Each structure stands twice: as structure tokens, then as C-alpha cells.
>>> print(open('upload_22.txt').read())   # compact mmCIF, C-alpha atoms and all ligand atoms
# COMPACT_ATOMS: atom_id res chain seq x y z
CA MET I 1 0.00 0.00 0.00
CA SER I 2 1.38 3.40 -0.83
CA ILE I 3 0.09 5.86 1.66
CA ASP I 4 2.09 8.95 2.41
CA THR I 5 3.30 8.65 5.97
CA THR I 6 6.24 11.01 5.63
CA THR I 7 4.18 13.52 7.57
CA SER I 8 3.66 11.22 10.59
CA VAL I 9 4.49 12.81 13.94
CA SER I 10 4.98 11.68 17.52
CA LEU I 11 2.13 12.04 19.98
CA SER I 12 2.31 12.66 23.71
CA VAL I 13 -0.56 12.88 26.14
CA ARG I 14 0.56 14.42 29.42
CA ASP I 15 -1.41 14.21 32.64
CA VAL I 16 -4.76 14.77 30.95
CA HIS I 17 -7.74 15.25 33.26
CA LEU I 18 -11.37 15.54 32.27
CA ALA I 19 -14.57 15.51 34.28
CA PHE I 20 -18.18 15.47 33.16
CA GLY I 21 -19.73 17.30 36.10
CA ALA I 22 -18.66 15.44 39.21
CA HIS I 23 -17.67 12.37 37.19
CA ARG I 24 -13.90 12.34 36.74
CA VAL I 25 -13.52 10.33 33.57
CA LEU I 26 -9.83 11.00 32.87
CA ARG I 27 -7.69 11.30 35.99
CA GLY I 28 -4.19 12.00 34.72
CA VAL I 29 -3.61 10.06 31.50
CA ASP I 30 -0.11 9.75 30.10
CA LEU I 31 0.62 8.14 26.76
CA ASP I 32 3.59 8.39 24.42
CA VAL I 33 3.56 7.21 20.83
CA ALA I 34 6.74 7.59 18.81
CA ARG I 35 6.60 8.83 15.23
CA GLY I 36 5.38 5.97 13.05
CA ALA I 37 4.51 3.77 16.02
CA THR I 38 1.20 2.15 16.93
CA ALA I 39 -0.21 2.20 20.45
CA CYS I 40 -3.14 -0.05 21.26
CA VAL I 41 -5.33 1.03 24.15
CA ILE I 42 -7.17 -1.75 25.92
CA GLY I 43 -9.32 -1.76 29.03
CA PRO I 44 -12.79 -2.29 30.40
CA SER I 45 -15.87 -0.51 29.14
CA GLY I 46 -16.26 2.90 30.74
CA SER I 47 -12.56 3.28 31.58
CA GLY I 48 -12.26 6.42 29.42
CA LYS I 49 -10.75 5.10 26.19
CA SER I 50 -13.12 6.89 23.83
CA THR I 51 -12.92 10.06 25.88
CA LEU I 52 -9.13 9.93 25.65
CA LEU I 53 -9.26 9.74 21.85
CA ARG I 54 -11.74 12.60 21.78
CA THR I 55 -9.43 14.79 23.82
CA ILE I 56 -6.55 14.00 21.46
CA ASN I 57 -8.38 15.36 18.42
CA ARG I 58 -10.12 17.98 20.54
CA LEU I 59 -13.69 16.91 20.11
CA ILE I 60 -13.48 17.59 23.87
CA GLU I 61 -11.14 19.97 25.68
CA PRO I 62 -9.29 18.49 28.65
CA ASP I 63 -9.61 20.30 31.98
CA ARG I 64 -5.92 19.94 32.61
CA GLY I 65 -2.84 18.45 30.98
CA ASP I 66 -1.48 18.66 27.48
CA VAL I 67 -1.51 16.95 24.09
CA LEU I 68 1.64 17.34 21.99
CA LEU I 69 2.36 16.51 18.36
CA ASP I 70 6.08 16.37 17.65
CA GLY I 71 6.67 17.95 21.05
CA ARG I 72 4.42 20.94 20.43
CA SER I 73 1.20 21.52 22.35
CA VAL I 74 -1.90 21.51 20.15
CA LEU I 75 -4.27 22.86 22.77
CA GLY I 76 -4.00 26.44 21.55
CA ASP I 77 -4.55 25.46 17.91
CA ASP I 78 -7.75 25.83 15.93
CA PRO I 79 -9.69 22.58 16.56
CA ASP I 80 -10.75 22.27 12.91
CA ALA I 81 -7.17 22.58 11.71
CA LEU I 82 -6.16 19.98 14.25
CA ARG I 83 -8.83 17.55 13.06
CA GLN I 84 -7.21 17.52 9.65
CA ARG I 85 -3.92 16.52 11.25
CA VAL I 86 -5.49 13.90 13.48
CA GLY I 87 -7.78 11.51 11.61
CA MET I 88 -10.37 9.51 13.50
CA VAL I 89 -12.27 6.36 12.62
CA PHE I 90 -15.31 5.42 14.70
CA GLN I 91 -17.10 2.18 15.46
CA GLN I 92 -20.15 3.35 13.52
CA PHE I 93 -18.35 4.53 10.33
CA ASN I 94 -20.21 7.88 10.32
CA LEU I 95 -20.63 7.97 6.54
CA PHE I 96 -23.35 10.18 5.04
CA PRO I 97 -26.04 7.70 3.88
CA HIS I 98 -27.54 9.90 1.18
CA MET I 99 -24.27 10.40 -0.70
CA SER I 100 -22.20 8.09 -2.84
CA VAL I 101 -19.03 6.62 -1.44
CA LEU I 102 -16.99 8.92 -3.68
CA ARG I 103 -18.92 11.98 -2.57
CA ASN I 104 -18.41 11.09 1.10
CA ILE I 105 -14.68 11.47 0.47
CA THR I 106 -14.71 14.44 -1.90
CA LEU I 107 -16.90 16.40 0.50
CA ALA I 108 -14.29 16.07 3.22
CA LEU I 109 -11.52 17.01 0.79
CA ARG I 110 -13.37 20.08 -0.46
CA ARG I 111 -14.46 21.30 2.94
CA ILE I 112 -11.40 20.53 4.96
CA ARG I 113 -8.54 20.56 2.46
CA LYS I 114 -10.32 23.15 0.29
CA LEU I 115 -9.55 21.23 -2.89
CA GLY I 116 -11.32 21.87 -6.18
CA GLU I 117 -13.76 19.28 -7.51
CA ASP I 118 -11.44 17.61 -10.03
CA GLU I 119 -8.55 17.27 -7.65
CA ALA I 120 -10.86 16.01 -4.89
CA VAL I 121 -12.35 13.36 -7.19
CA ALA I 122 -8.93 12.17 -8.35
CA LEU I 123 -7.63 11.92 -4.80
CA ALA I 124 -10.79 10.21 -3.57
CA ARG I 125 -10.47 7.60 -6.32
CA ASP I 126 -6.81 7.02 -5.40
CA HIS I 127 -7.77 6.39 -1.80
CA LEU I 128 -10.66 4.09 -2.70
CA GLU I 129 -8.18 2.13 -4.79
CA LEU I 130 -5.88 1.99 -1.79
CA VAL I 131 -8.53 0.29 0.34
CA GLY I 132 -9.64 -1.99 -2.48
CA LEU I 133 -12.96 -0.29 -3.22
CA ALA I 134 -12.41 1.56 -6.49
CA ALA I 135 -15.37 -0.31 -7.98
CA LYS I 136 -17.74 1.02 -5.30
CA ALA I 137 -17.19 4.73 -5.90
CA ASP I 138 -20.75 5.37 -7.07
CA ALA I 139 -22.53 3.12 -4.57
CA ARG I 140 -24.42 4.37 -1.54
CA PRO I 141 -22.93 3.28 1.79
CA ALA I 142 -26.02 1.17 2.58
CA HIS I 143 -25.20 -1.04 -0.41
CA LEU I 144 -21.81 -1.90 1.05
CA SER I 145 -20.99 -4.41 3.77
CA GLY I 146 -20.00 -3.04 7.17
CA GLY I 147 -16.40 -3.92 6.46
CA GLN I 148 -16.49 -2.04 3.16
CA GLN I 149 -18.12 0.96 4.83
CA GLN I 150 -15.39 1.01 7.44
CA ARG I 151 -12.74 0.87 4.72
CA VAL I 152 -14.41 3.87 3.07
CA ALA I 153 -14.29 5.72 6.40
CA ILE I 154 -10.59 4.90 6.67
CA ALA I 155 -10.00 6.06 3.08
CA ARG I 156 -11.81 9.30 3.86
CA ALA I 157 -9.65 9.92 6.91
CA LEU I 158 -6.44 9.08 5.02
CA ALA I 159 -7.31 11.34 2.10
CA LEU I 160 -7.04 14.28 4.47
CA ARG I 161 -3.34 13.38 4.91
CA PRO I 162 -3.39 13.01 8.68
CA GLN I 163 -0.22 12.98 10.77
CA VAL I 164 -1.82 10.68 13.34
CA MET I 165 -4.74 8.25 13.05
CA LEU I 166 -7.08 7.35 15.90
CA PHE I 167 -9.29 4.26 15.76
CA ASP I 168 -12.10 3.81 18.27
CA GLU I 169 -13.21 0.17 18.26
CA ALA I 170 -13.23 0.32 14.48
CA THR I 171 -14.17 -3.35 14.12
CA SER I 172 -16.61 -3.75 17.03
CA ALA I 173 -19.72 -3.19 14.92
CA LEU I 174 -18.68 -5.60 12.18
CA ASP I 175 -19.85 -9.12 11.53
CA PRO I 176 -17.05 -11.50 12.52
CA GLU I 177 -16.18 -12.45 8.95
CA LEU I 178 -15.59 -8.81 8.05
CA VAL I 179 -13.27 -7.96 10.92
CA LYS I 180 -10.15 -9.45 9.37
CA GLY I 181 -10.21 -7.24 6.27
CA VAL I 182 -10.38 -4.05 8.29
CA LEU I 183 -7.74 -5.18 10.78
CA GLY I 184 -5.54 -6.13 7.82
CA LEU I 185 -5.85 -2.63 6.42
CA MET I 186 -5.01 -1.13 9.82
CA ALA I 187 -1.99 -3.44 10.12
CA GLU I 188 -0.77 -2.29 6.69
CA LEU I 189 -1.11 1.31 7.72
CA SER I 190 0.82 0.63 10.89
CA ALA I 191 3.58 -1.18 8.99
CA GLY I 192 3.64 1.70 6.51
CA GLY I 193 4.68 4.13 9.22
CA MET I 194 1.48 5.87 10.24
CA THR I 195 1.41 7.02 13.86
CA MET I 196 -1.69 5.39 15.33
CA VAL I 197 -3.66 5.06 18.53
CA VAL I 198 -5.98 2.08 18.32
CA VAL I 199 -8.65 1.41 20.94
CA THR I 200 -9.51 -2.22 20.46
CA HIS I 201 -10.83 -5.43 21.97
CA GLU I 202 -8.87 -7.40 19.38
CA MET I 203 -6.09 -8.73 21.57
CA GLY I 204 -4.50 -10.63 18.67
CA PHE I 205 -4.13 -7.38 16.75
CA ALA I 206 -2.70 -5.62 19.80
CA ARG I 207 -0.19 -8.38 20.36
CA GLU I 208 0.95 -8.55 16.75
CA VAL I 209 0.76 -4.97 15.54
CA ALA I 210 1.23 -2.65 18.52
CA ASP I 211 4.56 -1.20 19.50
CA THR I 212 3.00 -0.23 22.83
CA VAL I 213 -0.04 -1.58 24.62
CA ALA I 214 -1.62 0.72 27.21
CA PHE I 215 -4.14 -0.63 29.70
CA MET I 216 -6.69 1.95 30.84
CA ASP I 217 -8.69 1.53 33.99
CA ARG I 218 -10.87 4.14 35.71
CA GLY I 219 -9.42 7.09 33.85
CA VAL I 220 -5.71 6.34 33.98
CA VAL I 221 -3.20 4.30 32.03
CA LEU I 222 -2.46 1.76 34.71
CA GLU I 223 0.22 -0.13 32.82
CA ALA I 224 1.87 0.26 29.43
CA GLY I 225 4.66 -1.48 27.61
CA GLU I 226 5.60 -3.74 24.75
CA PRO I 227 2.89 -6.28 23.91
CA ALA I 228 4.88 -9.22 25.29
CA ALA I 229 5.41 -7.45 28.60
CA VAL I 230 1.77 -6.48 28.95
CA PHE I 231 0.28 -9.77 27.83
CA GLU I 232 2.74 -12.18 29.41
CA ARG I 233 4.22 -10.32 32.36
CA ALA I 234 1.41 -8.03 33.48
CA GLU I 235 2.25 -6.52 36.83
CA HIS I 236 -1.00 -4.98 37.92
CA PRO I 237 -3.67 -7.33 39.34
CA ARG I 238 -6.42 -5.38 37.57
CA LEU I 239 -4.68 -5.90 34.23
CA ARG I 240 -4.16 -9.58 34.99
CA ARG I 241 -7.85 -9.92 35.83
CA PHE I 242 -8.87 -8.05 32.63
CA LEU I 243 -6.65 -10.28 30.50
CA SER I 244 -7.98 -13.45 32.12
CA GLN I 245 -11.46 -12.34 31.05
CA VAL I 246 -10.68 -11.38 27.45
CA LEU I 247 -7.97 -13.82 26.35
P1 LIG I 301 -14.78 3.63 27.14
O1 LIG I 301 -14.58 4.12 25.74
O2 LIG I 301 -13.52 3.15 27.78
O3 LIG I 301 -15.86 2.60 27.24
P2 LIG I 301 -15.79 6.29 27.61
O4 LIG I 301 -14.65 7.21 27.39
O5 LIG I 301 -16.79 6.19 26.52
O6 LIG I 301 -15.26 4.85 28.03
O7 LIG I 301 -16.59 6.74 28.90
C1 LIG I 301 -15.96 6.86 30.16
C2 LIG I 301 -17.00 7.36 31.15
O8 LIG I 301 -17.36 8.69 30.82
C3 LIG I 301 -18.27 6.54 31.17
O9 LIG I 301 -18.69 6.43 32.50
C4 LIG I 301 -19.23 7.38 30.36
O10 LIG I 301 -20.54 7.17 30.78
C5 LIG I 301 -18.76 8.79 30.67
N1 LIG I 301 -19.02 9.74 29.58
C6 LIG I 301 -18.52 9.65 28.32
N2 LIG I 301 -18.93 10.69 27.57
C7 LIG I 301 -19.71 11.45 28.37
C8 LIG I 301 -20.44 12.68 28.19
N3 LIG I 301 -20.42 13.33 27.02
N4 LIG I 301 -21.14 13.16 29.25
C9 LIG I 301 -21.14 12.50 30.42
N5 LIG I 301 -20.48 11.36 30.67
C10 LIG I 301 -19.78 10.83 29.67
MG MG I 302 -15.45 3.56 23.97
>>> encode(input="upload_22.txt", output="C-alpha cells")
Amino acid sequence: MSIDTTTSVSLSVRDVHLAFGAHRVLRGVDLDVARGATACVIGPSGSGKSTLLRTINRLIEPDRGDVLLDGRSVLGDDPDALRQRVGMVFQQFNLFPHMSVLRNITLALRRIRKLGEDEAVALARDHLELVGLAAKADARPAHLSGGQQQRVAIARALALRPQVMLFDEATSALDPELVKGVLGLMAELSAGGMTMVVVTHEMGFAREVADTVAFMDRGVVLEAGEPAAVFERAEHPRLRRFLSQVL
């Protein structure tokens, strides 16, 4: 796959806190992802994984702490500009149902990258080709399988030339037989040098693809390290208990 990852940057989350009212959802999260590396975030439901991703691309502003790309804080930046640099893929694809696959991508390119129609169409076709869906350009999302829709969502995010990609349980809504194709695409991206944070329940993917696995529990990263260390030599009892339930 030839995706331009020369623009990838490192990502650091430093002591990020966030409360919804009295509910302290993030209580001092630290996470470091080297340029071109993949961090998988695992942990129980409600531990703050989605909220963490949303603070990284500034769908939510943290109460305290910092988010740095290549060592530079992004918290003062324009959130829309940041969302071009930090692509995000959701569990539910979030494609516009009333538009063709191609149009879903060109719309993002025109609005966010301010490209003209011809250039947007050419780039959208390139990215559909990249995810193996060139033939589906004119189809409506509803006529695609969930796995194909998710690949379109990934193509759309990549077409914006992000420096970091965030994935929030990108395969959790897919039928089991469609999961592999999407994970394969994510693994290719990772191998191609994209900086990625992947929230996932797919422990096989985390073990094989991640450079770092971070275990979140109750709003903090309780333990992080190389996959082998986390999966085979977990120190924290809560992580050991979590792994005994999911492996
Ligand atoms: P995870 O992705 O690990 O399952 P989330 O980040 O979605 O966890 O949620 C962590 C906690 O924050 C949960 O208790 C959830 O109910 C709460 N939460 C998430 N978003 C909001 C919100 N917008 N308003 C209030 N509470 C929220
Ligand atoms: Mg979540």
C-alpha cells in the first residue's frame, strides 16, 4: 500500500484530566507514541478510552494536561485545523447515507482541504483504490458491507493526509467475517509508518501490531509497555484480571 506517511508525527498525552460534572472520567492520563509507532489502548468498558481519543483530536477539551504533536502543544490550535492533522475512525463509520461513497470522500476534501472538484475526485479515487474499493465509488454506503463501509471511512480519513490516526473500536460493529479485512488494512497502515492510537478489543491485533499496549482503567493508564510485557508479564492485578477475562 502506498500511503504517504512522511508527515507522521509523535504524539504525547501528558497528565490529561477531564470531568463530566462530578464524574472524573480522565484522571491523569499519560501516553507516548513515537513517530510511526502504533499504540493499542485496551481496558474495560467505561474506563475512558473513547474520551481519551476525543481529547486528542479535541472533540473535547481536557480540563488539565497537554496533548503534543512532535513535542508541540496543540491545545492552543484551531480545533478544525487539528482535526485535519489527526484523523479519527469510529465504530459506527459515520458515513453520510444519502451520498455516494466517492462523494463522502470528496466532500471532506473540499471542505477541509479546500480542494477543487477535479482534484478532490482524483484523490478520492486514489484512496478508494488503496482500500480496495475503487469499484464502489458510485454506490451508496447502505449497499456496502459493514467492512467495506469502514474501509471507506478509513480512506476518507487518510485522504485528508493526517499525521496521526485514531481508531475507536473500528471493528466492534462488524460481523465477525468482516473484521479481518479491516484489521488487515489497519496493520498495513501501521507497517507503513502511520502514527496510530488504536482502541480495540482485538487482543491478537494488539499483540501482533502494537509497539506499545496501554491498559486503561478508571481514567488512567495503569500499565503500558511492549505487547509481550503487557500480555505475558502483566504486573498490575487489575490488568491480569482483565486479561484473564478477554484472552
Ligand atoms: P470507554 O470508551 O472506555 O468505554 P468512555 O470514554 O466512553 O469509556 O466513557 C468513560 C466514562 O465517561 C463513562 O462512564 C461514560 O458514561 C462517561 N461519559 C462519556 N462521555 C460522556 C459525556 N459526554 N457526558 C457525560 N459522561 C460521559
Ligand atoms: Mg469507547
>>> closest_atom_pairs(input="upload_22.txt", of="stretch 36-124 of chain I", to="stretch 14-25 of chain I", cutoff="8 Å", atoms="only C-alpha atoms", output="CSV")
residue,atom,partner,partner_atom,distance
I:Ser47,CA,I:Val25,CA,7.4
I:Gly48,CA,I:Val25,CA,5.8
I:Thr51,CA,I:Val25,CA,7.7
I:Glu61,CA,I:Leu18,CA,7.9
I:Pro62,CA,I:Leu18,CA,5.1
I:Asp63,CA,I:Leu18,CA,5.1
I:Arg64,CA,I:His17,CA,5.1
I:Gly65,CA,I:Val16,CA,4.2
I:Asp66,CA,I:Arg14,CA,5.1
I:Val67,CA,I:Arg14,CA,6.3
>>> residues_near_ligand(input="upload_22.txt", ligand="ligand LIG 301 (chain I)", cutoff="12 Å", atoms="all atoms listed in the file", output="PyMOL selection string")
chain I and resi 17-27+41-55+59-61+90-91+167-170+172+198-201+215-221
>>> write_last_selection(input="upload_22.txt", atoms="C-alpha atoms", output="PDB file, keeping the file's coordinate frame")
ATOM      1  CA  HIS I  17      -7.740  15.250  33.260  1.00  0.00           C
ATOM      2  CA  LEU I  18     -11.370  15.540  32.270  1.00  0.00           C
ATOM      3  CA  ALA I  19     -14.570  15.510  34.280  1.00  0.00           C
ATOM      4  CA  PHE I  20     -18.180  15.470  33.160  1.00  0.00           C
ATOM      5  CA  GLY I  21     -19.730  17.300  36.100  1.00  0.00           C
ATOM      6  CA  ALA I  22     -18.660  15.440  39.210  1.00  0.00           C
ATOM      7  CA  HIS I  23     -17.670  12.370  37.190  1.00  0.00           C
ATOM      8  CA  ARG I  24     -13.900  12.340  36.740  1.00  0.00           C
ATOM      9  CA  VAL I  25     -13.520  10.330  33.570  1.00  0.00           C
ATOM     10  CA  LEU I  26      -9.830  11.000  32.870  1.00  0.00           C
ATOM     11  CA  ARG I  27      -7.690  11.300  35.990  1.00  0.00           C
ATOM     12  CA  VAL I  41      -5.330   1.030  24.150  1.00  0.00           C
ATOM     13  CA  ILE I  42      -7.170  -1.750  25.920  1.00  0.00           C
ATOM     14  CA  GLY I  43      -9.320  -1.760  29.030  1.00  0.00           C
ATOM     15  CA  PRO I  44     -12.790  -2.290  30.400  1.00  0.00           C
ATOM     16  CA  SER I  45     -15.870  -0.510  29.140  1.00  0.00           C
ATOM     17  CA  GLY I  46     -16.260   2.900  30.740  1.00  0.00           C
ATOM     18  CA  SER I  47     -12.560   3.280  31.580  1.00  0.00           C
ATOM     19  CA  GLY I  48     -12.260   6.420  29.420  1.00  0.00           C
ATOM     20  CA  LYS I  49     -10.750   5.100  26.190  1.00  0.00           C
ATOM     21  CA  SER I  50     -13.120   6.890  23.830  1.00  0.00           C
ATOM     22  CA  THR I  51     -12.920  10.060  25.880  1.00  0.00           C
ATOM     23  CA  LEU I  52      -9.130   9.930  25.650  1.00  0.00           C
ATOM     24  CA  LEU I  53      -9.260   9.740  21.850  1.00  0.00           C
ATOM     25  CA  ARG I  54     -11.740  12.600  21.780  1.00  0.00           C
ATOM     26  CA  THR I  55      -9.430  14.790  23.820  1.00  0.00           C
ATOM     27  CA  LEU I  59     -13.690  16.910  20.110  1.00  0.00           C
ATOM     28  CA  ILE I  60     -13.480  17.590  23.870  1.00  0.00           C
ATOM     29  CA  GLU I  61     -11.140  19.970  25.680  1.00  0.00           C
ATOM     30  CA  PHE I  90     -15.310   5.420  14.700  1.00  0.00           C
ATOM     31  CA  GLN I  91     -17.100   2.180  15.460  1.00  0.00           C
ATOM     32  CA  PHE I 167      -9.290   4.260  15.760  1.00  0.00           C
ATOM     33  CA  ASP I 168     -12.100   3.810  18.270  1.00  0.00           C
ATOM     34  CA  GLU I 169     -13.210   0.170  18.260  1.00  0.00           C
ATOM     35  CA  ALA I 170     -13.230   0.320  14.480  1.00  0.00           C
ATOM     36  CA  SER I 172     -16.610  -3.750  17.030  1.00  0.00           C
ATOM     37  CA  VAL I 198      -5.980   2.080  18.320  1.00  0.00           C
ATOM     38  CA  VAL I 199      -8.650   1.410  20.940  1.00  0.00           C
ATOM     39  CA  THR I 200      -9.510  -2.220  20.460  1.00  0.00           C
ATOM     40  CA  HIS I 201     -10.830  -5.430  21.970  1.00  0.00           C
ATOM     41  CA  PHE I 215      -4.140  -0.630  29.700  1.00  0.00           C
ATOM     42  CA  MET I 216      -6.690   1.950  30.840  1.00  0.00           C
ATOM     43  CA  ASP I 217      -8.690   1.530  33.990  1.00  0.00           C
ATOM     44  CA  ARG I 218     -10.870   4.140  35.710  1.00  0.00           C
ATOM     45  CA  GLY I 219      -9.420   7.090  33.850  1.00  0.00           C
ATOM     46  CA  VAL I 220      -5.710   6.340  33.980  1.00  0.00           C
ATOM     47  CA  VAL I 221      -3.200   4.300  32.030  1.00  0.00           C
TER      48      VAL I 221
END
>>> atom_distance(input="upload_22.txt", atom1="atom CA of I:Val101", atom2="atom CA of I:Val209")
28.5 Å
>>> residues_around(input="upload_22.txt", residues="I:Arg156", least_positions_apart="6", cutoff="12 Å", atoms="all atoms listed in the file", output="CSV table (one decimal) with C-alpha atoms, keeping the file's coordinate frame")
chain,number,residue,atom,x,y,z
I,84,GLN,CA,-7.2,17.5,9.6
I,87,GLY,CA,-7.8,11.5,11.6
I,88,MET,CA,-10.4,9.5,13.5
I,89,VAL,CA,-12.3,6.4,12.6
I,93,PHE,CA,-18.4,4.5,10.3
I,94,ASN,CA,-20.2,7.9,10.3
I,95,LEU,CA,-20.6,8.0,6.5
I,96,PHE,CA,-23.4,10.2,5.0
I,101,VAL,CA,-19.0,6.6,-1.4
I,102,LEU,CA,-17.0,8.9,-3.7
I,103,ARG,CA,-18.9,12.0,-2.6
I,104,ASN,CA,-18.4,11.1,1.1
I,105,ILE,CA,-14.7,11.5,0.5
I,106,THR,CA,-14.7,14.4,-1.9
I,107,LEU,CA,-16.9,16.4,0.5
I,108,ALA,CA,-14.3,16.1,3.2
I,109,LEU,CA,-11.5,17.0,0.8
I,110,ARG,CA,-13.4,20.1,-0.5
I,112,ILE,CA,-11.4,20.5,5.0
I,113,ARG,CA,-8.5,20.6,2.5
I,120,ALA,CA,-10.9,16.0,-4.9
I,121,VAL,CA,-12.4,13.4,-7.2
I,123,LEU,CA,-7.6,11.9,-4.8
I,124,ALA,CA,-10.8,10.2,-3.6
I,125,ARG,CA,-10.5,7.6,-6.3
I,126,ASP,CA,-6.8,7.0,-5.4
I,127,HIS,CA,-7.8,6.4,-1.8
I,128,LEU,CA,-10.7,4.1,-2.7
I,129,GLU,CA,-8.2,2.1,-4.8
I,130,LEU,CA,-5.9,2.0,-1.8
I,131,VAL,CA,-8.5,0.3,0.3
I,133,LEU,CA,-13.0,-0.3,-3.2
I,149,GLN,CA,-18.1,1.0,4.8
I,150,GLN,CA,-15.4,1.0,7.4
I,162,PRO,CA,-3.4,13.0,8.7
I,165,MET,CA,-4.7,8.2,13.0
>>> atom_distance(input="upload_22.txt", atom1="atom CA of I:Thr38", atom2="atom CA of I:Thr212")
6.6 Å
>>> closest_residue(input="upload_22.txt", among="I:Ala139, I:Gly225, I:Ala37, I:Ala159", to="I:Ala122", atoms="only C-alpha atoms")
I:Ala159
>>> closest_residue(input="upload_22.txt", among="I:Arg140, I:Gly204, I:Gln92, I:Ala39", to="ligand MG 302 (chain I)", atoms="only C-alpha atoms and all ligand atoms")
I:Gln92
>>> atom_distance(input="upload_22.txt", atom1="atom CA of I:Leu31", atom2="atom CA of I:Ser73")
14.1 Å
>>> closest_residue(input="upload_22.txt", among="I:Glu232, I:Asp4, I:Glu119, I:Asp138", to="I:Gly193", atoms="all atoms listed in the file")
I:Asp4
>>> residues_around(input="upload_22.txt", residues="I:Asp32", least_positions_apart="3", cutoff="8 Å", atoms="all atoms listed in the file", output="MDAnalysis selection string")
chainID I and resid 10:13
>>> decode(input="upload_22.txt", residues="stretch 2-55 of chain I", atoms="C-alpha atoms", output="PDB file, in the first residue's frame")
ATOM      1  CA  SER I   2       1.380   3.400  -0.826  1.00  0.00           C
ATOM      2  CA  ILE I   3       0.086   5.863   1.665  1.00  0.00           C
ATOM      3  CA  ASP I   4       2.088   8.953   2.409  1.00  0.00           C
ATOM      4  CA  THR I   5       3.301   8.652   5.969  1.00  0.00           C
ATOM      5  CA  THR I   6       6.241  11.009   5.630  1.00  0.00           C
ATOM      6  CA  THR I   7       4.177  13.523   7.573  1.00  0.00           C
ATOM      7  CA  SER I   8       3.659  11.224  10.595  1.00  0.00           C
ATOM      8  CA  VAL I   9       4.488  12.815  13.936  1.00  0.00           C
ATOM      9  CA  SER I  10       4.981  11.680  17.515  1.00  0.00           C
ATOM     10  CA  LEU I  11       2.135  12.036  19.983  1.00  0.00           C
ATOM     11  CA  SER I  12       2.314  12.659  23.708  1.00  0.00           C
ATOM     12  CA  VAL I  13      -0.560  12.876  26.136  1.00  0.00           C
ATOM     13  CA  ARG I  14       0.558  14.423  29.416  1.00  0.00           C
ATOM     14  CA  ASP I  15      -1.408  14.212  32.643  1.00  0.00           C
ATOM     15  CA  VAL I  16      -4.757  14.766  30.954  1.00  0.00           C
ATOM     16  CA  HIS I  17      -7.736  15.246  33.260  1.00  0.00           C
ATOM     17  CA  LEU I  18     -11.369  15.543  32.273  1.00  0.00           C
ATOM     18  CA  ALA I  19     -14.571  15.510  34.283  1.00  0.00           C
ATOM     19  CA  PHE I  20     -18.184  15.473  33.164  1.00  0.00           C
ATOM     20  CA  GLY I  21     -19.733  17.302  36.103  1.00  0.00           C
ATOM     21  CA  ALA I  22     -18.660  15.439  39.212  1.00  0.00           C
ATOM     22  CA  HIS I  23     -17.673  12.368  37.192  1.00  0.00           C
ATOM     23  CA  ARG I  24     -13.901  12.336  36.737  1.00  0.00           C
ATOM     24  CA  VAL I  25     -13.516  10.327  33.567  1.00  0.00           C
ATOM     25  CA  LEU I  26      -9.828  11.001  32.869  1.00  0.00           C
ATOM     26  CA  ARG I  27      -7.692  11.300  35.985  1.00  0.00           C
ATOM     27  CA  GLY I  28      -4.187  11.997  34.718  1.00  0.00           C
ATOM     28  CA  VAL I  29      -3.613  10.061  31.500  1.00  0.00           C
ATOM     29  CA  ASP I  30      -0.105   9.755  30.101  1.00  0.00           C
ATOM     30  CA  LEU I  31       0.619   8.138  26.756  1.00  0.00           C
ATOM     31  CA  ASP I  32       3.595   8.389  24.424  1.00  0.00           C
ATOM     32  CA  VAL I  33       3.556   7.212  20.830  1.00  0.00           C
ATOM     33  CA  ALA I  34       6.744   7.587  18.814  1.00  0.00           C
ATOM     34  CA  ARG I  35       6.602   8.829  15.233  1.00  0.00           C
ATOM     35  CA  GLY I  36       5.379   5.970  13.045  1.00  0.00           C
ATOM     36  CA  ALA I  37       4.511   3.768  16.021  1.00  0.00           C
ATOM     37  CA  THR I  38       1.201   2.152  16.933  1.00  0.00           C
ATOM     38  CA  ALA I  39      -0.214   2.205  20.449  1.00  0.00           C
ATOM     39  CA  CYS I  40      -3.140  -0.054  21.261  1.00  0.00           C
ATOM     40  CA  VAL I  41      -5.327   1.028  24.153  1.00  0.00           C
ATOM     41  CA  ILE I  42      -7.174  -1.755  25.923  1.00  0.00           C
ATOM     42  CA  GLY I  43      -9.316  -1.762  29.032  1.00  0.00           C
ATOM     43  CA  PRO I  44     -12.788  -2.288  30.398  1.00  0.00           C
ATOM     44  CA  SER I  45     -15.865  -0.513  29.144  1.00  0.00           C
ATOM     45  CA  GLY I  46     -16.261   2.903  30.744  1.00  0.00           C
ATOM     46  CA  SER I  47     -12.561   3.280  31.581  1.00  0.00           C
ATOM     47  CA  GLY I  48     -12.256   6.422  29.424  1.00  0.00           C
ATOM     48  CA  LYS I  49     -10.752   5.096  26.188  1.00  0.00           C
ATOM     49  CA  SER I  50     -13.123   6.893  23.827  1.00  0.00           C
ATOM     50  CA  THR I  51     -12.916  10.058  25.881  1.00  0.00           C
ATOM     51  CA  LEU I  52      -9.132   9.934  25.653  1.00  0.00           C
ATOM     52  CA  LEU I  53      -9.260   9.744  21.846  1.00  0.00           C
ATOM     53  CA  ARG I  54     -11.738  12.597  21.783  1.00  0.00           C
ATOM     54  CA  THR I  55      -9.426  14.794  23.825  1.00  0.00           C
TER      55      THR I  55
END
